[in-house]
There are 2 protein chains.
Amino acid sequence: MSLLAVGTVGLDLIETPFTRSENVLGGSVTYIALAARFFVNPVAVVAIVGRDFPPEYWTILQDRDIDLEGLQVDPDGTTFAWGGRYQHDLNQRETLYTDLNTLATFDPVVPAACSSSEIVCLGNLAPETQLGVLGQMNSPRMVLCDTMNYWISNTPQQLRSVLKHVDCLIINDAEARQLAGEPNLLLAARKVRAMGPPTLVIKKGEHGAMLFLDDTVFIVPAYPLEDIQDPTGAGDAFMGGFAGSLARERTIDADALKRAMVYGSSLASYCVEVIGPARLLQITAADIQRRAEAFCSMTIIPALESAAIT
Amino acid sequence: MSLLAVGTVGLDLIETPFTRSENVLGGSVTYIALAARFFVNPVAVVAIVGRDFPPEYWTILQDRDIDLEGLQVDPDGTTFAWGGRYQHDLNQRETLYTDLNTLATFDPVVPAACSSSEIVCLGNLAPETQLGVLGQMNSPRMVLCDTMNYWISNTPQQLRSVLKHVDCLIINDAEARQLAGEPNLLLAARKVRAMGPPTLVIKKGEHGAMLFLDDTVFIVPAYPLEDIQDPTGAGDAFMGGFAGSLARERTIDADALKRAMVYGSSLASYCVEVIGPARLLQITAADIQRRAEAFCSMTIIPALESAAIT
């Protein structure tokens with residue numbers, strides 16, 4: 001199935017206890033596309049950059065078969081820029097700055113060739129911009145959506161409008177609690193799904209991810225890693241792997257969604273191994289597949305009969 | 001296989017944001033035995049109480065086929081008492097007091113009938129006391145052991161001596177990090193296993209538990225609950241379910257250990273639903289089995305072939 005991803009392309013400053021990197025290729029759609037492209041080609045993107053966007057970054061994306069027709073260049077603006085600092089345990093992130101720049105007036109235009117994309121990934125963006133994209137789509141088969149605390153706090157009504165059109169919302173545990181106003185994750189999931197999305201994925205960082213579907217919960221752990229360098233983009237890489245996996249399947253059913261959870265987790269686990277999206281540029285399809293299969297061996301419960309107590 | 005559990009029997013004060021309960025039947029061996037008795041009968045315990053230990057609590061344990069021959073009563077002492085307060089998210093616990101009382105001079109005596117028990121559970125206790133028990137055992141098939149931050153900080157050498165005799169250490173993530181002096185859990189697990197225990201279980205509370213065995217990791221999520229009343233004893237209930245499940249199996253191999261992880265998680269999930277051990281007194285074997293089976297449906301990854309990228 002064809003896949004369109006909408007979101008930000010930006011230039012990041014990333015500070016961790018180990019290193020400081022400037023002008024790193026970043027943004028939600030960058031990570032989504034670099035993860036999804038292992039599953040479907042081409043992955044089309046809709047985003048905006050400014051005149052300062054480095055040509056070598058353009059080349060990186062183009063060389064990975066990412067369709068950049070929908071990547072607008074604002075000749076009068078500069079590229080969205082974000083800076084973040086991680087504390088020692090890498091779970092706490094402090095935003096150093098968020099310069100919207102050309103993103104402030106971004107009016108997304110979906111190329112005609114992409115308006116019939118079957119899977120639409122709405123990366124983290126202003127809900128109004130997400131709605132603007134959906135308005136240009138020709139009844140997509142599945143709309144996946146991310147958001148963040150800023151939009152939950154500041155544009156709740158617009159976010160609610162988006163959620164009515166979302167098939168699968170993919171957010172982290174803190175966002176789910178905030179959106180629902182409910183600390184218990186199960187209860188929060190119920191409230192969030194009542195806002196629209198029949199399917200909900202709650203990402204819990206190093207503790208894995210939960211899929212809420214019909215009356216069931218499906219849980220995938222995070223891949224245990226000895227060395228985590230940078231969590232930036234891991235959630236977007238998850239979304240890209242998740243969406244890519246769905247796009248690769250003929251039927252989107254519970255099993256396909258569970259497999260998508262595993263591939264999303266596989267991509268996210270690679271993403272955090274190196275600063276920025278660099279690891280996503282090094283790995284191969286075989287790496288992703290190998291790690292996806294490792295999730296099975298880490299979680300398969302043997303038949304319970306021999307210990308059954310009834 | 002026969003099971004002997006050693007640890008504390010105490011009287012707890014438990015404060016949560018919802019309620020305050022005094023004189024609650026508590027202690028590590030109480031929870032271990034009340035969980036393990038669903039799998040094997042009788043479960044023998046070695047512990048000590050004082051003259052104030054309520055006869056109705058004695059009856060509760062006796063009625064559940066727990067062998068109390070090794071439960072010493074110190075006619076001159078009062079029972080070990082512990083008070084704890086949980087914050088709103090129930091993940092943070094503040095110790096209000098720890099009165100060792102009769103536990104301070106506890107010299108464990110393993111009844112002759114129990115010295116050949118095949119599985120020994122060393123609940124949280126002074127390492128010296130744990131060693132004292134092991135010295136009375138006749139080559140048990142499997143020694144399981146718990147400990148806590150207090151012993152890791154204050155009696156590191158004695159704890160190291162215990163660990164050399166332990167087949168499977170069951171501790172939480174903070175304890176593993178502290179014991180290893182290493183924040184990364186995978187690296188911490190490697191260091192802890194180098195201290196003796198070939199098998200290691202790291203409990204992560206609401207985020208599940210990890211089993212380290214040979215070169216593999218096995219991960220079980222926590223059972224998602226809508227309402228958690230009191231985490232007290234959940235780790236001990238896990239150990240009881242884990243040990244009980246192993247005792248029920250004829251062969252202790254990787255599959256048996258994985259099943260034990262699931263039964264331990266099932267018991268722990270019930271334990272937290274009500275203050276103190278009350279829920280462990282209400283549930284049936286069928287409840288435990290049903291929830292153990294629910295873990296399978298929550299975690300089974302469908303065959304990856306249809307989305308495979310290589």
# chains A, B, ... in the order shown; residues from 1 in each chain; ligands from 1
call {"tool": "interface_residues", "arguments": {"of": "chain A", "to": "chain B", "cutoff": "8 Å", "atoms": "only C-alpha atoms", "output": "ChimeraX atom specification"}}
result
/A:38-39,89,183-187,207,216-221,224-227,245-246,248-249,255-256,258-259,262,285-286,289,293,296-304,306-310
call {"tool": "write_last_selection", "arguments": {"atoms": "C-alpha atoms", "output": "PDB file, in the first residue's frame"}}
result
ATOM      1  CA  PHE A  38      12.559  -0.285   4.452  1.00  0.00           C
ATOM      2  CA  PHE A  39       9.037  -1.610   3.926  1.00  0.00           C
ATOM      3  CA  ASP A  89      19.429   8.506  32.419  1.00  0.00           C
ATOM      4  CA  PRO A 183      -3.254   8.616  35.475  1.00  0.00           C
ATOM      5  CA  ASN A 184      -4.194   4.951  35.012  1.00  0.00           C
ATOM      6  CA  LEU A 185      -3.117   3.892  31.516  1.00  0.00           C
ATOM      7  CA  LEU A 186      -5.969   1.441  30.919  1.00  0.00           C
ATOM      8  CA  LEU A 187      -8.578   4.021  31.861  1.00  0.00           C
ATOM      9  CA  HIS A 207       9.384  -0.140  28.825  1.00  0.00           C
ATOM     10  CA  THR A 216      -7.717  -6.559  23.734  1.00  0.00           C
ATOM     11  CA  VAL A 217      -4.335  -5.268  24.797  1.00  0.00           C
ATOM     12  CA  PHE A 218      -1.144  -6.372  23.096  1.00  0.00           C
ATOM     13  CA  ILE A 219       2.189  -5.575  24.716  1.00  0.00           C
ATOM     14  CA  VAL A 220       5.669  -5.533  23.217  1.00  0.00           C
ATOM     15  CA  PRO A 221       8.726  -4.872  25.391  1.00  0.00           C
ATOM     16  CA  PRO A 224      17.031  -4.401  25.687  1.00  0.00           C
ATOM     17  CA  LEU A 225      20.141  -2.443  24.729  1.00  0.00           C
ATOM     18  CA  GLU A 226      23.488  -2.137  26.450  1.00  0.00           C
ATOM     19  CA  ASP A 227      24.176   1.300  25.086  1.00  0.00           C
ATOM     20  CA  SER A 245       4.880  -2.716   8.114  1.00  0.00           C
ATOM     21  CA  LEU A 246       1.150  -2.087   7.705  1.00  0.00           C
ATOM     22  CA  ARG A 248       3.555  -3.888   3.303  1.00  0.00           C
ATOM     23  CA  GLU A 249       0.661  -6.127   4.380  1.00  0.00           C
ATOM     24  CA  ASP A 255      -2.261  -9.718  13.418  1.00  0.00           C
ATOM     25  CA  ALA A 256      -0.955  -7.082  11.013  1.00  0.00           C
ATOM     26  CA  LYS A 258       0.719  -6.716  16.178  1.00  0.00           C
ATOM     27  CA  ARG A 259       3.445  -7.322  13.614  1.00  0.00           C
ATOM     28  CA  VAL A 262       7.191  -5.422  16.514  1.00  0.00           C
ATOM     29  CA  ALA A 285      16.475  -4.750   6.036  1.00  0.00           C
ATOM     30  CA  ALA A 286      18.139  -7.905   7.360  1.00  0.00           C
ATOM     31  CA  GLN A 289      14.156  -8.431  10.385  1.00  0.00           C
ATOM     32  CA  GLU A 293      12.508 -12.006  15.195  1.00  0.00           C
ATOM     33  CA  CYS A 296       9.561 -13.285  19.369  1.00  0.00           C
ATOM     34  CA  SER A 297      12.214 -15.302  21.178  1.00  0.00           C
ATOM     35  CA  MET A 298      12.251 -12.798  24.047  1.00  0.00           C
ATOM     36  CA  THR A 299       8.515 -13.006  24.622  1.00  0.00           C
ATOM     37  CA  ILE A 300       7.212 -16.427  23.599  1.00  0.00           C
ATOM     38  CA  ILE A 301       5.577 -18.082  26.602  1.00  0.00           C
ATOM     39  CA  PRO A 302       5.850 -21.872  26.440  1.00  0.00           C
ATOM     40  CA  ALA A 303       2.661 -23.902  26.806  1.00  0.00           C
ATOM     41  CA  LEU A 304       1.440 -23.600  30.378  1.00  0.00           C
ATOM     42  CA  SER A 306       2.860 -28.678  32.664  1.00  0.00           C
ATOM     43  CA  ALA A 307       2.486 -26.126  35.453  1.00  0.00           C
ATOM     44  CA  ALA A 308      -1.261 -25.561  35.158  1.00  0.00           C
ATOM     45  CA  ILE A 309      -3.007 -25.535  38.512  1.00  0.00           C
ATOM     46  CA  THR A 310      -6.545 -26.233  37.312  1.00  0.00           C
TER      47      THR A 310
END
call {"tool": "residues_around", "arguments": {"residues": "segment 107-109 of chain A", "least_positions_apart": "6", "cutoff": "9 Å", "atoms": "only C-alpha atoms", "output": "PyMOL selection string"}}
result
chain A and resi 6+46-48+70-72+129-130+132-133+136
call {"tool": "residues_around", "arguments": {"residues": "segment 55-59 of chain B", "least_positions_apart": "3", "cutoff": "8 Å", "atoms": "only C-alpha atoms", "output": "list in words"}}
result
Leu25, Gln62 and Asp63 of chain B
call {"tool": "residues_around", "arguments": {"residues": "Asp12 of chain B", "least_positions_apart": "4", "cutoff": "6 Å", "atoms": "only C-alpha atoms", "output": "list in words"}}
result
Asn23, Val24, Gly26, Ala81, Trp82 and Gly83 of chain B
call {"tool": "write_last_selection", "arguments": {"atoms": "all heavy atoms", "output": "mmCIF file, in the first residue's frame"}}
result
data_model
loop_
_atom_site.group_PDB
_atom_site.id
_atom_site.type_symbol
_atom_site.label_atom_id
_atom_site.label_comp_id
_atom_site.auth_asym_id
_atom_site.auth_seq_id
_atom_site.Cartn_x
_atom_site.Cartn_y
_atom_site.Cartn_z
ATOM 1 N N ASN B 23 -1.778 -3.066 61.539
ATOM 2 C CA ASN B 23 -1.726 -4.458 61.965
ATOM 3 C C ASN B 23 -2.105 -5.439 60.869
ATOM 4 O O ASN B 23 -2.784 -6.441 61.119
ATOM 5 C CB ASN B 23 -2.679 -4.669 63.158
ATOM 6 C CG ASN B 23 -1.898 -4.706 64.460
ATOM 7 O OD1 ASN B 23 -0.713 -5.039 64.471
ATOM 8 N ND2 ASN B 23 -2.570 -4.372 65.543
ATOM 9 N N VAL B 24 -1.668 -5.131 59.660
ATOM 10 C CA VAL B 24 -1.962 -6.004 58.521
ATOM 11 C C VAL B 24 -0.970 -7.166 58.541
ATOM 12 O O VAL B 24 0.235 -6.962 58.747
ATOM 13 C CB VAL B 24 -1.826 -5.221 57.202
ATOM 14 C CG1 VAL B 24 -2.090 -6.128 56.007
ATOM 15 C CG2 VAL B 24 -2.766 -4.016 57.192
ATOM 16 N N GLY B 26 1.697 -9.316 57.358
ATOM 17 C CA GLY B 26 2.679 -8.998 56.319
ATOM 18 C C GLY B 26 3.946 -9.804 56.471
ATOM 19 O O GLY B 26 3.977 -10.843 57.137
ATOM 20 N N ALA B 81 7.733 -5.349 62.862
ATOM 21 C CA ALA B 81 6.683 -4.407 62.442
ATOM 22 C C ALA B 81 7.258 -3.427 61.425
ATOM 23 O O ALA B 81 8.379 -2.913 61.588
ATOM 24 C CB ALA B 81 6.143 -3.657 63.654
ATOM 25 N N TRP B 82 6.488 -3.167 60.398
ATOM 26 C CA TRP B 82 6.930 -2.269 59.324
ATOM 27 C C TRP B 82 5.774 -1.349 58.940
ATOM 28 O O TRP B 82 4.616 -1.765 58.904
ATOM 29 C CB TRP B 82 7.386 -3.106 58.122
ATOM 30 C CG TRP B 82 7.693 -2.291 56.904
ATOM 31 C CD1 TRP B 82 8.862 -1.660 56.599
ATOM 32 C CD2 TRP B 82 6.798 -2.017 55.811
ATOM 33 N NE1 TRP B 82 8.754 -1.014 55.400
ATOM 34 C CE2 TRP B 82 7.500 -1.217 54.892
ATOM 35 C CE3 TRP B 82 5.467 -2.370 55.523
ATOM 36 C CZ2 TRP B 82 6.936 -0.754 53.706
ATOM 37 C CZ3 TRP B 82 4.896 -1.908 54.345
ATOM 38 C CH2 TRP B 82 5.626 -1.113 53.456
ATOM 39 N N GLY B 83 6.124 -0.082 58.716
ATOM 40 C CA GLY B 83 5.107 0.858 58.249
ATOM 41 C C GLY B 83 5.583 1.535 56.981
ATOM 42 O O GLY B 83 6.747 1.937 56.886
#
call {"tool": "select_by_dssp", "arguments": {"residues": "segment 97-306 of chain B", "states": "strand (DSSP E or B)", "output": "JSON, numbers by chain"}}
result
{"B": [97, 98, 99, 119, 120, 121, 122, 142, 143, 144, 145, 168, 169, 170, 171, 172, 199, 200, 201, 202, 203, 209, 210, 211, 212, 213, 216, 217, 218, 219, 220]}
call {"tool": "residues_around", "arguments": {"residues": "Val120 of chain B", "least_positions_apart": "5", "cutoff": "8 Å", "atoms": "only C-alpha atoms", "output": "ChimeraX atom specification"}}
result
/B:3-6,140,142-144
call {"tool": "write_last_selection", "arguments": {"atoms": "N, CA and C atoms", "output": "PDB file, in the first residue's frame"}}
result
ATOM      1  N   LEU B   3       8.836 -27.415  48.896  1.00  0.00           N
ATOM      2  CA  LEU B   3       9.222 -26.007  48.895  1.00  0.00           C
ATOM      3  C   LEU B   3       9.320 -25.482  50.317  1.00  0.00           C
ATOM      4  N   LEU B   4      10.455 -24.872  50.624  1.00  0.00           N
ATOM      5  CA  LEU B   4      10.649 -24.220  51.914  1.00  0.00           C
ATOM      6  C   LEU B   4      10.868 -22.735  51.672  1.00  0.00           C
ATOM      7  N   ALA B   5      10.140 -21.919  52.427  1.00  0.00           N
ATOM      8  CA  ALA B   5      10.294 -20.469  52.284  1.00  0.00           C
ATOM      9  C   ALA B   5      10.751 -19.883  53.615  1.00  0.00           C
ATOM     10  N   VAL B   6      11.750 -19.039  53.538  1.00  0.00           N
ATOM     11  CA  VAL B   6      12.309 -18.405  54.727  1.00  0.00           C
ATOM     12  C   VAL B   6      12.166 -16.901  54.557  1.00  0.00           C
ATOM     13  N   PRO B 140      19.811 -28.556  48.330  1.00  0.00           N
ATOM     14  CA  PRO B 140      18.554 -28.296  47.619  1.00  0.00           C
ATOM     15  C   PRO B 140      18.773 -28.247  46.111  1.00  0.00           C
ATOM     16  N   MET B 142      17.240 -26.183  44.049  1.00  0.00           N
ATOM     17  CA  MET B 142      17.254 -24.803  43.550  1.00  0.00           C
ATOM     18  C   MET B 142      17.083 -23.839  44.716  1.00  0.00           C
ATOM     19  N   VAL B 143      17.991 -22.865  44.780  1.00  0.00           N
ATOM     20  CA  VAL B 143      17.897 -21.815  45.796  1.00  0.00           C
ATOM     21  C   VAL B 143      17.511 -20.509  45.107  1.00  0.00           C
ATOM     22  N   LEU B 144      16.357 -19.974  45.505  1.00  0.00           N
ATOM     23  CA  LEU B 144      15.897 -18.672  45.014  1.00  0.00           C
ATOM     24  C   LEU B 144      16.151 -17.661  46.117  1.00  0.00           C
TER      25      LEU B 144
END
call {"tool": "residues_around", "arguments": {"residues": "Thr155 of chain A", "least_positions_apart": "4", "cutoff": "12 Å", "atoms": "only C-alpha atoms", "output": "list in words"}}
result
Leu125, Ala126, Pro127, Glu128, Thr129, Thr147, Met148, Asn149, Tyr150, Trp151, Leu159, Arg160, Ser161, Val162 and Leu179 of chain A
call {"tool": "residues_around", "arguments": {"residues": "Met239 of chain A", "least_positions_apart": "2", "cutoff": "8 Å", "atoms": "only C-alpha atoms", "output": "ChimeraX atom specification"}}
result
/A:32,121,170,235-237,241-243,264
call {"tool": "write_last_selection", "arguments": {"atoms": "N, CA, C and O atoms", "output": "PDB file, in the first residue's frame"}}
result
ATOM      1  N   ILE A  32      10.274   9.217  10.433  1.00  0.00           N
ATOM      2  CA  ILE A  32       9.203   8.333   9.943  1.00  0.00           C
ATOM      3  C   ILE A  32       9.582   7.760   8.577  1.00  0.00           C
ATOM      4  O   ILE A  32       9.521   6.546   8.345  1.00  0.00           O
ATOM      5  N   CYS A 121       0.458   8.969   7.476  1.00  0.00           N
ATOM      6  CA  CYS A 121       1.092   9.158   8.780  1.00  0.00           C
ATOM      7  C   CYS A 121       1.106  10.636   9.100  1.00  0.00           C
ATOM      8  O   CYS A 121       1.855  11.394   8.476  1.00  0.00           O
ATOM      9  N   ILE A 170      -0.889   7.208  17.888  1.00  0.00           N
ATOM     10  CA  ILE A 170       0.363   6.660  18.438  1.00  0.00           C
ATOM     11  C   ILE A 170       1.008   7.740  19.294  1.00  0.00           C
ATOM     12  O   ILE A 170       1.579   8.689  18.770  1.00  0.00           O
ATOM     13  N   GLY A 235      10.427   7.660  18.805  1.00  0.00           N
ATOM     14  CA  GLY A 235       8.978   7.531  18.648  1.00  0.00           C
ATOM     15  C   GLY A 235       8.557   7.648  17.195  1.00  0.00           C
ATOM     16  O   GLY A 235       7.644   6.957  16.739  1.00  0.00           O
ATOM     17  N   ASP A 236       9.234   8.515  16.449  1.00  0.00           N
ATOM     18  CA  ASP A 236       8.923   8.672  15.028  1.00  0.00           C
ATOM     19  C   ASP A 236       9.411   7.469  14.224  1.00  0.00           C
ATOM     20  O   ASP A 236       8.741   7.019  13.296  1.00  0.00           O
ATOM     21  N   ALA A 237      10.585   6.954  14.588  1.00  0.00           N
ATOM     22  CA  ALA A 237      11.083   5.744  13.924  1.00  0.00           C
ATOM     23  C   ALA A 237      10.125   4.584  14.181  1.00  0.00           C
ATOM     24  O   ALA A 237       9.855   3.771  13.290  1.00  0.00           O
ATOM     25  N   GLY A 241       8.251   2.526  11.239  1.00  0.00           N
ATOM     26  CA  GLY A 241       8.305   1.079  11.114  1.00  0.00           C
ATOM     27  C   GLY A 241       6.911   0.467  11.193  1.00  0.00           C
ATOM     28  O   GLY A 241       6.580  -0.463  10.449  1.00  0.00           O
ATOM     29  N   PHE A 242       6.109   1.014  12.095  1.00  0.00           N
ATOM     30  CA  PHE A 242       4.724   0.563  12.276  1.00  0.00           C
ATOM     31  C   PHE A 242       3.934   0.770  10.980  1.00  0.00           C
ATOM     32  O   PHE A 242       3.308  -0.155  10.454  1.00  0.00           O
ATOM     33  N   ALA A 243       3.999   1.995  10.462  1.00  0.00           N
ATOM     34  CA  ALA A 243       3.241   2.328   9.253  1.00  0.00           C
ATOM     35  C   ALA A 243       3.766   1.566   8.047  1.00  0.00           C
ATOM     36  O   ALA A 243       2.995   1.068   7.214  1.00  0.00           O
ATOM     37  N   GLY A 264       7.880  -1.684  14.405  1.00  0.00           N
ATOM     38  CA  GLY A 264       8.080  -0.333  14.949  1.00  0.00           C
ATOM     39  C   GLY A 264       9.092  -0.356  16.081  1.00  0.00           C
ATOM     40  O   GLY A 264       9.995   0.492  16.153  1.00  0.00           O
TER      41      GLY A 264
END
call {"tool": "atom_distance", "arguments": {"atom1": "atom CA of Leu34 of chain B", "atom2": "atom CA of Ser116 of chain B"}}
result
21.2 Å
call {"tool": "atom_distance", "arguments": {"atom1": "atom CA of Val43 of chain A", "atom2": "atom CA of Ser2 of chain A"}}
result
7.4 Å
